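Student: Input structure: upload.txt, which contains compact mmCIF, N, CA and C atoms.
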# COMPACT_ATOMS: atom_id res chain seq x y z
N MET J 1 0.84 -1.16 0.00
CA MET J 1 0.00 0.00 0.00
C MET J 1 0.89 1.24 0.00
N ALA J 2 0.56 2.20 -0.85
CA ALA J 2 1.35 3.43 -0.97
C ALA J 2 1.11 4.32 0.24
N GLU J 3 2.21 4.94 0.72
CA GLU J 3 2.06 5.87 1.84
C GLU J 3 1.57 7.20 1.36
N LYS J 4 0.77 7.85 2.18
CA LYS J 4 0.29 9.18 1.85
C LYS J 4 1.44 10.15 1.97
N SER J 5 1.53 11.03 1.01
CA SER J 5 2.60 12.02 1.03
C SER J 5 2.05 13.34 1.56
N ASN J 6 2.88 14.04 2.29
CA ASN J 6 2.50 15.35 2.80
C ASN J 6 2.93 16.46 1.84
N THR J 7 3.43 16.07 0.68
CA THR J 7 3.89 17.04 -0.30
C THR J 7 2.68 17.73 -0.95
N THR J 8 2.74 19.05 -0.97
CA THR J 8 1.64 19.81 -1.56
C THR J 8 1.85 19.96 -3.06
N ALA J 9 0.79 20.30 -3.75
CA ALA J 9 0.86 20.52 -5.19
C ALA J 9 1.84 21.64 -5.52
N GLU J 10 1.87 22.67 -4.69
CA GLU J 10 2.80 23.78 -4.93
C GLU J 10 4.25 23.32 -4.83
N GLU J 11 4.55 22.43 -3.89
CA GLU J 11 5.90 21.92 -3.72
C GLU J 11 6.30 21.06 -4.93
N ILE J 12 5.37 20.26 -5.39
CA ILE J 12 5.62 19.41 -6.56
C ILE J 12 5.89 20.28 -7.79
N LEU J 13 5.06 21.30 -8.00
CA LEU J 13 5.25 22.20 -9.13
C LEU J 13 6.57 22.96 -9.03
N ALA J 14 6.93 23.40 -7.84
CA ALA J 14 8.19 24.12 -7.64
C ALA J 14 9.38 23.21 -7.97
N ARG J 15 9.31 21.94 -7.55
CA ARG J 15 10.38 20.99 -7.84
C ARG J 15 10.47 20.72 -9.35
N GLN J 16 9.32 20.58 -10.00
CA GLN J 16 9.32 20.36 -11.45
C GLN J 16 9.86 21.58 -12.19
N GLN J 17 9.52 22.77 -11.73
CA GLN J 17 10.04 23.99 -12.35
C GLN J 17 11.56 24.06 -12.21
N LEU J 18 12.06 23.70 -11.05
CA LEU J 18 13.51 23.68 -10.82
C LEU J 18 14.18 22.68 -11.76
N ASP J 19 13.57 21.50 -11.89
CA ASP J 19 14.11 20.49 -12.81
C ASP J 19 14.12 21.00 -14.25
N LEU J 20 13.05 21.67 -14.66
CA LEU J 20 12.99 22.23 -16.02
C LEU J 20 14.04 23.31 -16.22
N ASP J 21 14.24 24.16 -15.23
CA ASP J 21 15.26 25.20 -15.32
C ASP J 21 16.65 24.59 -15.46
N ARG J 22 16.91 23.54 -14.70
CA ARG J 22 18.21 22.85 -14.78
C ARG J 22 18.39 22.20 -16.16
N LEU J 23 17.32 21.63 -16.69
CA LEU J 23 17.38 21.01 -18.01
C LEU J 23 17.67 22.07 -19.09
N LYS J 24 17.02 23.23 -18.99
CA LYS J 24 17.28 24.32 -19.95
C LYS J 24 18.73 24.79 -19.85
N ASP J 25 19.25 24.90 -18.63
CA ASP J 25 20.65 25.29 -18.45
C ASP J 25 21.58 24.25 -19.08
N ALA J 26 21.27 22.98 -18.90
CA ALA J 26 22.09 21.91 -19.47
C ALA J 26 22.06 21.96 -20.99
N LEU J 27 20.88 22.21 -21.56
CA LEU J 27 20.79 22.33 -23.02
C LEU J 27 21.61 23.51 -23.52
N GLY J 28 21.60 24.59 -22.78
CA GLY J 28 22.42 25.75 -23.13
C GLY J 28 23.90 25.41 -23.13
N LEU J 29 24.34 24.62 -22.15
CA LEU J 29 25.73 24.19 -22.10
C LEU J 29 26.09 23.30 -23.27
N LEU J 30 25.11 22.59 -23.80
CA LEU J 30 25.33 21.72 -24.96
C LEU J 30 25.25 22.48 -26.28
N GLY J 31 24.93 23.78 -26.20
CA GLY J 31 24.93 24.61 -27.41
C GLY J 31 23.62 24.64 -28.16
N VAL J 32 22.52 24.41 -27.47
CA VAL J 32 21.22 24.53 -28.13
C VAL J 32 20.40 25.60 -27.42
N SER J 33 19.61 26.30 -28.21
CA SER J 33 18.77 27.38 -27.67
C SER J 33 17.38 27.29 -28.28
N PRO J 34 16.38 27.77 -27.54
CA PRO J 34 15.02 27.72 -28.07
C PRO J 34 14.71 28.91 -28.98
N CYS J 35 13.85 28.68 -29.94
CA CYS J 35 13.30 29.74 -30.77
C CYS J 35 12.33 30.53 -29.89
N ALA J 36 12.41 31.84 -29.94
CA ALA J 36 11.53 32.69 -29.14
C ALA J 36 10.08 32.59 -29.59
N TRP J 37 9.87 32.14 -30.82
CA TRP J 37 8.53 32.09 -31.39
C TRP J 37 7.86 30.74 -31.15
N CYS J 38 8.50 29.63 -31.57
CA CYS J 38 7.87 28.31 -31.48
C CYS J 38 8.38 27.48 -30.30
N LYS J 39 9.46 27.93 -29.66
CA LYS J 39 10.07 27.29 -28.48
C LYS J 39 10.82 26.00 -28.79
N LYS J 40 10.94 25.62 -30.07
CA LYS J 40 11.73 24.43 -30.42
C LYS J 40 13.20 24.77 -30.29
N TYR J 41 14.00 23.77 -29.91
CA TYR J 41 15.42 23.98 -29.71
C TYR J 41 16.19 23.69 -30.99
N SER J 42 17.23 24.51 -31.22
CA SER J 42 18.13 24.33 -32.36
C SER J 42 19.56 24.54 -31.89
N ARG J 43 20.48 23.97 -32.64
CA ARG J 43 21.90 24.12 -32.30
C ARG J 43 22.39 25.51 -32.70
N ARG J 44 23.05 26.18 -31.80
CA ARG J 44 23.63 27.49 -32.12
C ARG J 44 24.82 27.35 -33.06
N SER J 45 25.43 26.17 -33.11
CA SER J 45 26.59 25.96 -33.99
C SER J 45 26.18 25.92 -35.46
N ASP J 46 24.90 25.78 -35.74
CA ASP J 46 24.38 25.84 -37.11
C ASP J 46 23.95 27.28 -37.36
N PRO J 47 24.78 28.08 -38.05
CA PRO J 47 24.49 29.51 -38.18
C PRO J 47 23.20 29.84 -38.92
N GLY J 48 22.66 28.94 -39.69
CA GLY J 48 21.42 29.19 -40.40
C GLY J 48 20.17 28.76 -39.66
N ALA J 49 20.35 28.15 -38.49
CA ALA J 49 19.21 27.63 -37.75
C ALA J 49 18.45 28.73 -37.00
N LEU J 50 19.18 29.64 -36.38
CA LEU J 50 18.56 30.67 -35.55
C LEU J 50 19.02 32.06 -35.99
N PHE J 51 18.07 32.95 -36.21
CA PHE J 51 18.36 34.34 -36.53
C PHE J 51 18.37 35.12 -35.23
N ASP J 52 19.44 35.87 -35.00
CA ASP J 52 19.56 36.64 -33.76
C ASP J 52 19.00 38.04 -33.98
N ALA J 53 17.83 38.27 -33.45
CA ALA J 53 17.15 39.56 -33.57
C ALA J 53 17.02 40.20 -32.20
N GLY J 54 17.98 39.92 -31.33
CA GLY J 54 17.83 40.30 -29.93
C GLY J 54 17.11 39.20 -29.19
N GLU J 55 16.39 38.41 -29.91
CA GLU J 55 15.78 37.15 -29.48
C GLU J 55 16.09 36.18 -30.61
N LEU J 56 16.24 34.92 -30.31
CA LEU J 56 16.57 33.94 -31.33
C LEU J 56 15.29 33.41 -31.97
N VAL J 57 15.28 33.41 -33.31
CA VAL J 57 14.11 32.93 -34.05
C VAL J 57 14.59 31.92 -35.08
N CYS J 58 13.97 30.75 -35.11
CA CYS J 58 14.39 29.72 -36.05
C CYS J 58 13.94 30.08 -37.47
N TYR J 59 14.63 29.53 -38.43
CA TYR J 59 14.33 29.80 -39.83
C TYR J 59 12.86 29.49 -40.15
N GLY J 60 12.35 28.41 -39.62
CA GLY J 60 10.98 28.00 -39.91
C GLY J 60 9.92 28.99 -39.44
N CYS J 61 10.25 29.84 -38.50
CA CYS J 61 9.29 30.82 -37.97
C CYS J 61 9.42 32.21 -38.59
N ILE J 62 10.45 32.45 -39.37
CA ILE J 62 10.70 33.80 -39.89
C ILE J 62 9.49 34.35 -40.64
N GLY J 63 8.85 33.54 -41.47
CA GLY J 63 7.72 34.00 -42.27
C GLY J 63 6.56 34.54 -41.45
N GLU J 64 6.29 33.95 -40.32
CA GLU J 64 5.22 34.43 -39.43
C GLU J 64 5.73 35.50 -38.47
N TRP J 65 6.95 35.33 -37.99
CA TRP J 65 7.50 36.22 -36.98
C TRP J 65 7.79 37.61 -37.54
N TRP J 66 8.42 37.70 -38.71
CA TRP J 66 8.89 38.99 -39.21
C TRP J 66 7.77 40.03 -39.40
N PRO J 67 6.66 39.71 -40.05
CA PRO J 67 5.62 40.74 -40.20
C PRO J 67 5.12 41.28 -38.86
N ARG J 68 4.98 40.44 -37.89
CA ARG J 68 4.51 40.90 -36.57
C ARG J 68 5.59 41.69 -35.83
N ARG J 69 6.81 41.21 -35.89
CA ARG J 69 7.90 41.89 -35.19
C ARG J 69 8.20 43.25 -35.81
N SER J 70 8.18 43.32 -37.13
CA SER J 70 8.53 44.58 -37.80
C SER J 70 7.55 45.70 -37.47
N GLU J 71 6.29 45.35 -37.20
CA GLU J 71 5.28 46.34 -36.82
C GLU J 71 5.58 46.98 -35.47
N GLN J 72 6.31 46.27 -34.62
CA GLN J 72 6.59 46.74 -33.26
C GLN J 72 7.82 47.63 -33.17
N LEU J 73 8.56 47.76 -34.27
CA LEU J 73 9.83 48.47 -34.25
C LEU J 73 9.70 49.89 -34.79
N SER J 74 10.59 50.76 -34.34
CA SER J 74 10.66 52.10 -34.93
C SER J 74 11.20 51.94 -36.36
N THR J 75 11.06 52.95 -37.17
CA THR J 75 11.51 52.87 -38.56
C THR J 75 12.99 52.52 -38.62
N LYS J 76 13.81 53.18 -37.84
CA LYS J 76 15.27 52.92 -37.85
C LYS J 76 15.57 51.49 -37.39
N GLU J 77 14.93 51.05 -36.31
CA GLU J 77 15.15 49.68 -35.82
C GLU J 77 14.72 48.66 -36.86
N ARG J 78 13.57 48.90 -37.50
CA ARG J 78 13.08 47.97 -38.52
C ARG J 78 14.04 47.89 -39.70
N GLU J 79 14.50 49.04 -40.18
CA GLU J 79 15.42 49.05 -41.32
C GLU J 79 16.72 48.32 -40.98
N ASP J 80 17.25 48.54 -39.79
CA ASP J 80 18.49 47.88 -39.39
C ASP J 80 18.31 46.37 -39.28
N LEU J 81 17.25 45.95 -38.61
CA LEU J 81 17.01 44.52 -38.42
C LEU J 81 16.64 43.84 -39.74
N GLU J 82 15.89 44.54 -40.56
CA GLU J 82 15.51 44.01 -41.87
C GLU J 82 16.75 43.77 -42.74
N GLY J 83 17.68 44.71 -42.72
CA GLY J 83 18.93 44.53 -43.47
C GLY J 83 19.70 43.33 -42.97
N LYS J 84 19.78 43.18 -41.66
CA LYS J 84 20.46 42.03 -41.06
C LYS J 84 19.77 40.73 -41.47
N LEU J 85 18.43 40.73 -41.47
CA LEU J 85 17.66 39.55 -41.86
C LEU J 85 17.91 39.19 -43.33
N VAL J 86 17.91 40.18 -44.21
CA VAL J 86 18.14 39.93 -45.64
C VAL J 86 19.52 39.30 -45.85
N PHE J 87 20.54 39.85 -45.20
CA PHE J 87 21.89 39.27 -45.34
C PHE J 87 21.94 37.86 -44.79
N TRP J 88 21.28 37.61 -43.66
CA TRP J 88 21.25 36.26 -43.07
C TRP J 88 20.56 35.28 -44.02
N LEU J 89 19.45 35.70 -44.60
CA LEU J 89 18.74 34.82 -45.54
C LEU J 89 19.58 34.53 -46.78
N ARG J 90 20.27 35.53 -47.26
CA ARG J 90 21.16 35.32 -48.42
C ARG J 90 22.31 34.38 -48.07
N ASP J 91 22.95 34.65 -46.92
CA ASP J 91 24.13 33.88 -46.54
C ASP J 91 23.84 32.42 -46.22
N TYR J 92 22.74 32.16 -45.53
CA TYR J 92 22.50 30.81 -45.03
C TYR J 92 21.35 30.06 -45.67
N HIS J 93 20.53 30.75 -46.46
CA HIS J 93 19.37 30.07 -47.04
C HIS J 93 19.22 30.34 -48.53
N ASP J 94 20.29 30.84 -49.13
CA ASP J 94 20.34 31.08 -50.57
C ASP J 94 19.20 31.95 -51.08
N ALA J 95 18.81 32.94 -50.29
CA ALA J 95 17.75 33.85 -50.71
C ALA J 95 18.24 34.66 -51.91
N GLU J 96 17.30 34.96 -52.78
CA GLU J 96 17.57 35.81 -53.94
C GLU J 96 16.74 37.07 -53.81
N THR J 97 17.28 38.16 -54.34
CA THR J 97 16.60 39.44 -54.31
C THR J 97 16.09 39.74 -55.71
N PHE J 98 14.82 40.13 -55.79
CA PHE J 98 14.20 40.47 -57.06
C PHE J 98 13.73 41.92 -57.02
N LYS J 99 14.02 42.64 -58.09
CA LYS J 99 13.58 44.03 -58.15
C LYS J 99 12.31 44.19 -58.96
N ASP J 100 11.98 43.20 -59.78
CA ASP J 100 10.80 43.26 -60.64
C ASP J 100 9.80 42.19 -60.20
N PRO J 101 8.63 42.60 -59.71
CA PRO J 101 7.66 41.59 -59.24
C PRO J 101 7.19 40.65 -60.35
N ALA J 102 7.30 41.07 -61.59
CA ALA J 102 6.90 40.21 -62.71
C ALA J 102 7.85 39.02 -62.87
N LYS J 103 9.04 39.11 -62.29
CA LYS J 103 10.04 38.05 -62.44
C LYS J 103 10.12 37.13 -61.23
N LEU J 104 9.21 37.29 -60.28
CA LEU J 104 9.22 36.44 -59.10
C LEU J 104 8.89 35.00 -59.49
N PRO J 105 9.51 34.03 -58.82
CA PRO J 105 9.14 32.64 -59.06
C PRO J 105 7.68 32.41 -58.64
N GLU J 106 7.07 31.44 -59.24
CA GLU J 106 5.70 31.05 -58.89
C GLU J 106 5.62 30.84 -57.38
N SER J 107 4.52 31.24 -56.76
CA SER J 107 4.41 31.15 -55.30
C SER J 107 4.58 29.72 -54.78
N SER J 108 4.19 28.73 -55.57
CA SER J 108 4.35 27.33 -55.13
C SER J 108 5.83 26.94 -55.05
N LEU J 109 6.71 27.70 -55.69
CA LEU J 109 8.14 27.42 -55.66
C LEU J 109 8.87 28.23 -54.59
N GLN J 110 8.11 29.06 -53.87
CA GLN J 110 8.70 29.91 -52.84
C GLN J 110 8.52 29.30 -51.45
N GLU J 111 9.62 29.18 -50.73
CA GLU J 111 9.55 28.69 -49.36
C GLU J 111 9.33 29.87 -48.40
N LEU J 112 9.96 31.01 -48.71
CA LEU J 112 9.85 32.20 -47.89
C LEU J 112 9.84 33.41 -48.81
N HIS J 113 8.99 34.39 -48.48
CA HIS J 113 8.83 35.59 -49.31
C HIS J 113 8.65 36.78 -48.40
N ILE J 114 9.58 37.74 -48.48
CA ILE J 114 9.39 38.98 -47.73
C ILE J 114 9.69 40.15 -48.66
N VAL J 115 9.05 41.26 -48.40
CA VAL J 115 9.33 42.50 -49.10
C VAL J 115 10.17 43.35 -48.14
N ALA J 116 11.30 43.84 -48.67
CA ALA J 116 12.23 44.59 -47.82
C ALA J 116 12.64 45.88 -48.50
N ASN J 117 13.04 46.86 -47.70
CA ASN J 117 13.61 48.07 -48.27
C ASN J 117 14.87 47.70 -49.03
N CYS J 118 15.09 48.36 -50.14
CA CYS J 118 16.31 48.18 -50.91
C CYS J 118 17.49 48.59 -50.03
N LEU J 119 18.49 47.72 -49.93
CA LEU J 119 19.65 48.00 -49.09
C LEU J 119 20.56 49.05 -49.72
N GLU J 120 20.50 49.19 -51.01
CA GLU J 120 21.39 50.13 -51.71
C GLU J 120 20.93 51.58 -51.54
N CYS J 121 19.64 51.82 -51.69
CA CYS J 121 19.13 53.20 -51.60
C CYS J 121 18.43 53.47 -50.27
N ARG J 122 18.42 52.45 -49.39
CA ARG J 122 17.77 52.56 -48.06
C ARG J 122 16.29 52.89 -48.19
N GLY J 123 15.66 52.39 -49.25
CA GLY J 123 14.22 52.56 -49.41
C GLY J 123 13.78 53.86 -50.05
N THR J 124 14.72 54.68 -50.50
CA THR J 124 14.35 55.96 -51.11
C THR J 124 14.01 55.84 -52.58
N GLY J 125 14.54 54.82 -53.26
CA GLY J 125 14.33 54.67 -54.69
C GLY J 125 15.30 55.51 -55.52
N LYS J 126 16.19 56.23 -54.85
CA LYS J 126 17.13 57.11 -55.56
C LYS J 126 18.56 56.88 -55.10
N LEU J 127 19.48 57.01 -56.06
CA LEU J 127 20.91 56.96 -55.77
C LEU J 127 21.54 58.24 -56.28
N LEU J 128 22.57 58.68 -55.62
CA LEU J 128 23.31 59.88 -56.06
C LEU J 128 22.39 61.03 -56.42
N GLY J 129 21.60 61.43 -55.46
CA GLY J 129 20.71 62.57 -55.70
C GLY J 129 19.41 62.16 -56.34
N ASP J 130 19.26 62.47 -57.63
CA ASP J 130 17.99 62.20 -58.32
C ASP J 130 18.02 60.97 -59.22
N GLU J 131 19.15 60.29 -59.30
CA GLU J 131 19.23 59.13 -60.17
C GLU J 131 18.41 57.97 -59.58
N ARG J 132 17.59 57.36 -60.42
CA ARG J 132 16.75 56.24 -59.98
C ARG J 132 17.64 55.05 -59.62
N CYS J 133 17.36 54.42 -58.49
CA CYS J 133 18.15 53.28 -58.02
C CYS J 133 17.98 52.10 -58.97
N ARG J 134 19.08 51.58 -59.46
CA ARG J 134 19.03 50.45 -60.40
C ARG J 134 18.80 49.11 -59.70
N TYR J 135 19.01 49.09 -58.39
CA TYR J 135 18.87 47.84 -57.64
C TYR J 135 17.40 47.52 -57.33
N CYS J 136 16.57 48.56 -57.30
CA CYS J 136 15.14 48.35 -57.02
C CYS J 136 14.25 48.99 -58.09
N GLU J 137 14.89 49.49 -59.14
CA GLU J 137 14.20 50.18 -60.22
C GLU J 137 13.38 51.37 -59.71
N GLY J 138 13.88 52.02 -58.68
CA GLY J 138 13.23 53.21 -58.15
C GLY J 138 12.05 52.96 -57.23
N ARG J 139 11.73 51.69 -56.96
CA ARG J 139 10.59 51.35 -56.09
C ARG J 139 10.89 51.57 -54.61
N GLY J 140 12.15 51.41 -54.25
CA GLY J 140 12.54 51.52 -52.85
C GLY J 140 12.43 50.20 -52.10
N THR J 141 11.82 49.21 -52.73
CA THR J 141 11.68 47.89 -52.10
C THR J 141 12.12 46.80 -53.07
N VAL J 142 12.47 45.67 -52.49
CA VAL J 142 12.81 44.48 -53.26
C VAL J 142 12.09 43.28 -52.64
N TRP J 143 12.01 42.21 -53.38
CA TRP J 143 11.41 40.98 -52.90
C TRP J 143 12.54 40.01 -52.60
N VAL J 144 12.52 39.47 -51.41
CA VAL J 144 13.55 38.52 -50.98
C VAL J 144 12.87 37.15 -50.92
N ILE J 145 13.37 36.24 -51.75
CA ILE J 145 12.73 34.94 -51.92
C ILE J 145 13.71 33.81 -51.60
N VAL J 146 13.27 32.87 -50.80
CA VAL J 146 13.99 31.62 -50.60
C VAL J 146 13.16 30.58 -51.35
N SER J 147 13.79 29.95 -52.33
CA SER J 147 13.10 28.96 -53.15
C SER J 147 12.96 27.64 -52.40
N ARG J 148 11.89 26.93 -52.71
CA ARG J 148 11.70 25.58 -52.15
C ARG J 148 12.78 24.68 -52.75
N LYS J 149 13.27 23.79 -51.92
CA LYS J 149 14.27 22.83 -52.38
C LYS J 149 13.58 21.78 -53.24
N GLN J 150 14.14 21.54 -54.40
CA GLN J 150 13.60 20.54 -55.32
C GLN J 150 14.24 19.19 -54.98
N GLY J 151 13.42 18.16 -55.07
CA GLY J 151 14.03 16.84 -54.89
C GLY J 151 13.38 16.03 -53.93
Mind turning the file's structure into structure tokens?

Tutor:
Amino acid sequence: MAEKSNTTAEEILARQQLDLDRLKDALGLLGVSPCAWCKKYSRRSDPGALFDAGELVCYGCIGEWWPRRSEQLSTKEREDLEGKLVFWLRDYHDAETFKDPAKLPESSLQELHIVANCLECRGTGKLLGDERCRYCEGRGTVWVIVSRKQG
């Protein structure tokens, strides 16, 4: 017959919370961190797994996270973080930048699609005074696309 325990529910929950905190610390020591959006863990040693935006966000969450996060930022903060995101997507996920929306790949071939300020003209559409920016064709924005992997 099992003995009755005098342990309260609060004590059990406190002990479980302590165990969870220790487990999270151990995972950190092993080089894995959670995505701030979905809470799944990824290895920090994989530079394309987590985007550092002051909070870590996994690649799989960028499409949902970025539109919501960008709304919360000041214009300067958004432009800076957006530029960092575009470079990260290019470097680690083979993102391509398109200046003409007519040349975008079919949406079924796109894994990730964001519209970003042109990094060359900083969203003004102009270079060197009044000259139209050739990188965005004067629109001030470009389309950043990560294609779906074929195979």

Student: Report, in Å with one decimal, the straight-line distance from atom CA of J:Arg90 to atom CA of J:Val57.

Tutor: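 One can read the atom CA of J:Arg90 to atom CA of J:Val57 distance as 16.2 Å.
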
Student: Leaving out J:Glu82 and any residue of its chain fewer than 5 positions from it, which residues lie within 12 Å of it when counting only C-alpha atoms, given as a list in words?

Tutor: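 After dropping sequence-adjacent residues, the list is Phe51, Asp52, Ala53, Ile62, Trp66, Pro67, Arg69, Ser70, Glu71, Leu73, Ser74, Thr75, Lys76, Glu77, Phe87, Trp88, Leu89, Ile114, Val115, Ala116, Asn117, Cys118, Leu119, Arg122, Gly123, Thr141, Val142 and Val144 of chain J.
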
Student: Write out as a PyMOL selection string all residues of chain J that backbone DSSP assigns to alpha helix (DSSP H).

Tutor: chain J and resi 9-29+62-71+75-93

Student: I'd like the neighbourhood of J:Lys126 as a PDB file with N, CA and C atoms, in the coordinates of the input, where a residue qualifies if any of its atoms comes within 10 Å (using only C-alpha atoms), though same-chain residues fewer than 3 positions away should be ignored.

Tutor:
ATOM      1  N   GLU J 120      20.500  49.190 -51.010  1.00  0.00           N
ATOM      2  CA  GLU J 120      21.390  50.130 -51.710  1.00  0.00           C
ATOM      3  C   GLU J 120      20.930  51.580 -51.540  1.00  0.00           C
ATOM      4  N   CYS J 121      19.640  51.820 -51.690  1.00  0.00           N
ATOM      5  CA  CYS J 121      19.130  53.200 -51.600  1.00  0.00           C
ATOM      6  C   CYS J 121      18.430  53.470 -50.270  1.00  0.00           C
ATOM      7  N   ARG J 122      18.420  52.450 -49.390  1.00  0.00           N
ATOM      8  CA  ARG J 122      17.770  52.560 -48.060  1.00  0.00           C
ATOM      9  C   ARG J 122      16.290  52.890 -48.190  1.00  0.00           C
ATOM     10  N   GLY J 123      15.660  52.390 -49.250  1.00  0.00           N
ATOM     11  CA  GLY J 123      14.220  52.560 -49.410  1.00  0.00           C
ATOM     12  C   GLY J 123      13.780  53.860 -50.050  1.00  0.00           C
ATOM     13  N   GLY J 129      21.600  61.430 -55.460  1.00  0.00           N
ATOM     14  CA  GLY J 129      20.710  62.570 -55.700  1.00  0.00           C
ATOM     15  C   GLY J 129      19.410  62.160 -56.340  1.00  0.00           C
ATOM     16  N   ASP J 130      19.260  62.470 -57.630  1.00  0.00           N
ATOM     17  CA  ASP J 130      17.990  62.200 -58.320  1.00  0.00           C
ATOM     18  C   ASP J 130      18.020  60.970 -59.220  1.00  0.00           C
ATOM     19  N   GLU J 131      19.150  60.290 -59.300  1.00  0.00           N
ATOM     20  CA  GLU J 131      19.230  59.130 -60.170  1.00  0.00           C
ATOM     21  C   GLU J 131      18.410  57.970 -59.580  1.00  0.00           C
ATOM     22  N   ARG J 132      17.590  57.360 -60.420  1.00  0.00           N
ATOM     23  CA  ARG J 132      16.750  56.240 -59.980  1.00  0.00           C
ATOM     24  C   ARG J 132      17.640  55.050 -59.620  1.00  0.00           C
ATOM     25  N   CYS J 133      17.360  54.420 -58.490  1.00  0.00           N
ATOM     26  CA  CYS J 133      18.150  53.280 -58.020  1.00  0.00           C
ATOM     27  C   CYS J 133      17.980  52.100 -58.970  1.00  0.00           C
ATOM     28  N   ARG J 134      19.080  51.580 -59.460  1.00  0.00           N
ATOM     29  CA  ARG J 134      19.030  50.450 -60.400  1.00  0.00           C
ATOM     30  C   ARG J 134      18.800  49.110 -59.700  1.00  0.00           C
ATOM     31  N   TYR J 135      19.010  49.090 -58.390  1.00  0.00           N
ATOM     32  CA  TYR J 135      18.870  47.840 -57.640  1.00  0.00           C
ATOM     33  C   TYR J 135      17.400  47.520 -57.330  1.00  0.00           C
ATOM     34  N   CYS J 136      16.570  48.560 -57.300  1.00  0.00           N
ATOM     35  CA  CYS J 136      15.140  48.350 -57.020  1.00  0.00           C
ATOM     36  C   CYS J 136      14.250  48.990 -58.090  1.00  0.00           C
ATOM     37  N   GLU J 137      14.890  49.490 -59.140  1.00  0.00           N
ATOM     38  CA  GLU J 137      14.200  50.180 -60.220  1.00  0.00           C
ATOM     39  C   GLU J 137      13.380  51.370 -59.710  1.00  0.00           C
ATOM     40  N   GLY J 138      13.880  52.020 -58.680  1.00  0.00           N
ATOM     41  CA  GLY J 138      13.230  53.210 -58.150  1.00  0.00           C
ATOM     42  C   GLY J 138      12.050  52.960 -57.230  1.00  0.00           C
ATOM     43  N   ARG J 139      11.730  51.690 -56.960  1.00  0.00           N
ATOM     44  CA  ARG J 139      10.590  51.350 -56.090  1.00  0.00           C
ATOM     45  C   ARG J 139      10.890  51.570 -54.610  1.00  0.00           C
ATOM     46  N   GLY J 140      12.150  51.410 -54.250  1.00  0.00           N
ATOM     47  CA  GLY J 140      12.540  51.520 -52.850  1.00  0.00           C
ATOM     48  C   GLY J 140      12.430  50.200 -52.100  1.00  0.00           C
TER      49      GLY J 140
END

Student: For a test of reading the model, state the distance in Å between atom C of J:Ser108 and atom C of J:Tyr92, rounded to one decimal.

Tutor: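 Interatomic distance, atom C of J:Ser108 to atom C of J:Tyr92: 18.4 Å.
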
Student: Nearest residue to J:Cys61 out of J:Arg22, J:Arg15, J:Lys103, J:Lys40, using only C-alpha atoms?

Tutor: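 Going through J:Arg22, J:Arg15, J:Lys103, J:Lys40 one by one, the smallest distance to J:Cys61 is for J:Lys40.
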
Student: Using the chain letters and numbers from this document, which residues of chain J does DSSP assign to strand (DSSP E), as JSON, numbers by chain?

Tutor: {"J": [32, 33, 34, 41, 42, 43, 50, 51, 52, 56, 57, 58, 96, 97, 98, 110, 111, 112, 113, 114, 115, 116, 117, 126, 127, 131, 132, 141, 142, 143, 144, 145, 146, 147]}

Student: Between J:Leu109, J:Ala9, J:Leu20, J:Ile145, which one has atoms that come closest to J:Asp94, using all atoms listed in the file?

Tutor: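 Nearest to J:Asp94: J:Ile145.
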
Student: So which residues are close to (16.7, 31.4, -31.8), meaning at most 6 Å away in the file's coordinates with only C-alpha atoms counted, and can you show them as a VMD selection string?

Tutor: chain J and resid 34 to 36 50 to 51 56 to 58

Student: Rounded to one decimal place, report the atom C of J:Ser107-atom N of J:Glu64 distance in Å.

Tutor: 15.2 Å
